[in-house]
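Trainee: I have a structure I would like to understand better, so I am pasting it below and will then ask my questions one at a time.
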Amino acid sequence: MFKSLQIIDESILIFVKDYLRFEILNPIVKIFTSLGNAGMLWIVITLILLLYKPTRKIGLQSALALVFSVIITNLTLKLIVARPRPYVTMIDFVPLLKSSDPNSFPSGHTSTAFAAGIVWAKLFSKKWVKVIAVTQAVLMGLSRIYVGVHYPSDVFFGMIVGTCCAVFSLVIFEKFYKNKNKL
């Protein structure tokens with residue numbers, strides 16, 4: 001099964017490289033995907049949310065989801081699975097960027113994007129914020145495939161992990177506040 005998944009992953013990456021990369025998009029996607037390095041985009045937004053009382057609760061839940069994402073993705077799954085990056089295993093595959101992290105599975109950028117994005121989409125009331133929250137997460141995942149640093153299955157599982165981290169954060173936070181109000 002894993003061999004079949006590897007073949008599918010490699011085929012998709014080659015298709016993206018050959019037919020979906022465009023010189024005009026390359027610098028834009030490289031800048032966007034780099035905003036996710038070390039989770040900086042989501043950390044900065046979360047810190048901004050924490051500064052203002054009306055958004056502090058959202059910032060706290062976002063921070064919790066990000067912590068779960070980093071622990072599960074970067075400190076656990078990546079080390080256990082230790083899947084090499086596509087440009088390491090695929091002969092003649094040239095990525096637009098390389099990563100200092102040798103492990104590819106699951107995508108940490110995607111996981112953190114979904115962890116924060118799903119929390120924001122759930123908690124913000126304005127529809128346009130919800131749309132942006134989910135859109136940024138999807139685009140981050142796609143950007144990781146586009147630049148060639150992740151296989152599509154890395155991104156898919158990063159999306160699953162990040163979404164689970166967001167849901168877990170929301171559930172824990174809700175239980176905490178219910179119990180706090182009972183005291």
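Following the order of the structure tokens, first chain is A, next is B, and so on, with residues numbered from 1 inside each chain and ligands from 1 in the order they appear.
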Sort by chain and increasing residue number a table of all residues of stretch 49-147 of chain A within 10 Å of stretch 12-30 of chain A, each with its closest pair of atoms and their distance in Å to one decimal, counting only C-alpha atoms, and write it as a Markdown table.

Mentor:
```
| residue | atom | partner | partner_atom | distance |
| --- | --- | --- | --- | --- |
| A:Pro86 | CA | A:Leu13 | CA | 8.5 |
| A:Met90 | CA | A:Ile14 | CA | 9.6 |
| A:Phe93 | CA | A:Ile14 | CA | 7.7 |
| A:Val94 | CA | A:Lys17 | CA | 8.5 |
| A:Pro95 | CA | A:Lys17 | CA | 8.4 |
| A:Leu96 | CA | A:Lys30 | CA | 7.4 |
| A:Leu97 | CA | A:Lys30 | CA | 7.4 |
| A:Leu139 | CA | A:Val29 | CA | 9.2 |
| A:Met140 | CA | A:Val29 | CA | 9.0 |
| A:Leu142 | CA | A:Val29 | CA | 9.4 |
| A:Ser143 | CA | A:Val29 | CA | 6.1 |
| A:Arg144 | CA | A:Val29 | CA | 8.9 |
| A:Ile145 | CA | A:Leu13 | CA | 6.8 |
| A:Tyr146 | CA | A:Val16 | CA | 6.5 |
| A:Val147 | CA | A:Lys30 | CA | 6.9 |
```

Trainee: So that I can check the surroundings of A:Leu49, please list as number ranges by chain every protein, DNA and RNA residue that reaches within 10 Å of it, counting only C-alpha atoms and ignoring chain neighbours fewer than 6 positions away.

Mentor: A: 43, 55-60, 62-63

Trainee: Atoms to include: all heavy atoms. Write the selected residues as a PDB file, in the first residue's frame.

Mentor:
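File produced: result_27.pdb:
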```pdb
ATOM      1  N   ILE A  43       1.564  32.362  14.603  1.00  0.00           N
ATOM      2  CA  ILE A  43       1.988  32.853  15.918  1.00  0.00           C
ATOM      3  C   ILE A  43       1.779  34.357  16.015  1.00  0.00           C
ATOM      4  O   ILE A  43       1.248  34.859  17.008  1.00  0.00           O
ATOM      5  CB  ILE A  43       3.463  32.472  16.195  1.00  0.00           C
ATOM      6  CG1 ILE A  43       3.579  30.961  16.390  1.00  0.00           C
ATOM      7  CG2 ILE A  43       4.004  33.228  17.408  1.00  0.00           C
ATOM      8  CD1 ILE A  43       5.008  30.439  16.396  1.00  0.00           C
ATOM      9  N   THR A  55     -10.816  39.758  21.385  1.00  0.00           N
ATOM     10  CA  THR A  55     -10.353  38.578  20.635  1.00  0.00           C
ATOM     11  C   THR A  55      -9.431  37.678  21.469  1.00  0.00           C
ATOM     12  O   THR A  55      -8.892  36.709  20.941  1.00  0.00           O
ATOM     13  CB  THR A  55      -9.610  39.013  19.353  1.00  0.00           C
ATOM     14  OG1 THR A  55      -8.494  39.829  19.705  1.00  0.00           O
ATOM     15  CG2 THR A  55     -10.529  39.741  18.388  1.00  0.00           C
ATOM     16  N   ARG A  56      -9.280  37.987  22.742  1.00  0.00           N
ATOM     17  CA  ARG A  56      -8.334  37.233  23.591  1.00  0.00           C
ATOM     18  C   ARG A  56      -8.705  35.754  23.692  1.00  0.00           C
ATOM     19  O   ARG A  56      -7.835  34.879  23.631  1.00  0.00           O
ATOM     20  CB  ARG A  56      -8.264  37.875  24.971  1.00  0.00           C
ATOM     21  CG  ARG A  56      -7.090  37.364  25.786  1.00  0.00           C
ATOM     22  CD  ARG A  56      -6.779  38.261  26.960  1.00  0.00           C
ATOM     23  NE  ARG A  56      -6.249  39.528  26.451  1.00  0.00           N
ATOM     24  CZ  ARG A  56      -6.493  40.709  27.016  1.00  0.00           C
ATOM     25  NH1 ARG A  56      -7.230  40.792  28.098  1.00  0.00           N
ATOM     26  NH2 ARG A  56      -5.984  41.804  26.504  1.00  0.00           N
ATOM     27  N   LYS A  57      -9.989  35.457  23.852  1.00  0.00           N
ATOM     28  CA  LYS A  57     -10.422  34.056  23.960  1.00  0.00           C
ATOM     29  C   LYS A  57     -10.094  33.293  22.673  1.00  0.00           C
ATOM     30  O   LYS A  57      -9.646  32.143  22.717  1.00  0.00           O
ATOM     31  CB  LYS A  57     -11.922  34.004  24.258  1.00  0.00           C
ATOM     32  CG  LYS A  57     -12.448  32.627  24.526  1.00  0.00           C
ATOM     33  CD  LYS A  57     -13.925  32.678  24.904  1.00  0.00           C
ATOM     34  CE  LYS A  57     -14.508  31.293  24.999  1.00  0.00           C
ATOM     35  NZ  LYS A  57     -15.940  31.312  25.278  1.00  0.00           N
ATOM     36  N   ILE A  58     -10.288  33.938  21.537  1.00  0.00           N
ATOM     37  CA  ILE A  58      -9.945  33.306  20.257  1.00  0.00           C
ATOM     38  C   ILE A  58      -8.428  33.094  20.181  1.00  0.00           C
ATOM     39  O   ILE A  58      -7.965  32.039  19.743  1.00  0.00           O
ATOM     40  CB  ILE A  58     -10.446  34.169  19.068  1.00  0.00           C
ATOM     41  CG1 ILE A  58     -11.972  34.266  19.100  1.00  0.00           C
ATOM     42  CG2 ILE A  58      -9.972  33.589  17.730  1.00  0.00           C
ATOM     43  CD1 ILE A  58     -12.565  35.272  18.127  1.00  0.00           C
ATOM     44  N   GLY A  59      -7.664  34.077  20.618  1.00  0.00           N
ATOM     45  CA  GLY A  59      -6.210  33.951  20.630  1.00  0.00           C
ATOM     46  C   GLY A  59      -5.732  32.817  21.522  1.00  0.00           C
ATOM     47  O   GLY A  59      -4.810  32.078  21.163  1.00  0.00           O
ATOM     48  N   LEU A  60      -6.354  32.660  22.681  1.00  0.00           N
ATOM     49  CA  LEU A  60      -5.981  31.567  23.594  1.00  0.00           C
ATOM     50  C   LEU A  60      -6.267  30.204  22.973  1.00  0.00           C
ATOM     51  O   LEU A  60      -5.443  29.287  23.045  1.00  0.00           O
ATOM     52  CB  LEU A  60      -6.726  31.706  24.920  1.00  0.00           C
ATOM     53  CG  LEU A  60      -6.247  32.812  25.850  1.00  0.00           C
ATOM     54  CD1 LEU A  60      -7.228  33.013  27.010  1.00  0.00           C
ATOM     55  CD2 LEU A  60      -4.859  32.517  26.379  1.00  0.00           C
ATOM     56  N   SER A  62      -6.553  29.571  19.775  1.00  0.00           N
ATOM     57  CA  SER A  62      -5.640  29.429  18.644  1.00  0.00           C
ATOM     58  C   SER A  62      -4.261  28.986  19.138  1.00  0.00           C
ATOM     59  O   SER A  62      -3.639  28.097  18.557  1.00  0.00           O
ATOM     60  CB  SER A  62      -5.556  30.763  17.900  1.00  0.00           C
ATOM     61  OG  SER A  62      -4.624  30.714  16.871  1.00  0.00           O
ATOM     62  N   ALA A  63      -3.789  29.600  20.205  1.00  0.00           N
ATOM     63  CA  ALA A  63      -2.477  29.240  20.772  1.00  0.00           C
ATOM     64  C   ALA A  63      -2.466  27.782  21.221  1.00  0.00           C
ATOM     65  O   ALA A  63      -1.496  27.052  20.973  1.00  0.00           O
ATOM     66  CB  ALA A  63      -2.135  30.171  21.936  1.00  0.00           C
TER      67      ALA A  63
END
```

Trainee: Might you pull out every residue within 8 Å of A:Lys78, with only C-alpha atoms counted and same-chain residues fewer than 2 positions away left off, and present them as JSON, numbers by chain?

Mentor: {"A": [73, 74, 75, 76, 80, 81, 82, 83, 103, 104, 105, 106]}

Trainee: Give me, as a PyMOL selection string, the residues of stretch 60-135 of chain A that a backbone DSSP run labels helix (DSSP H, G or I).

Mentor: chain A and resi 60-81+86-89+108-123+127-135

Trainee: Which is closest to A:Ala115 among A:Ser100, A:Thr163, A:Ser153, A:Thr89, if we use only C-alpha atoms?

Mentor: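 For A:Ala115, the nearest of the candidates is A:Thr163.
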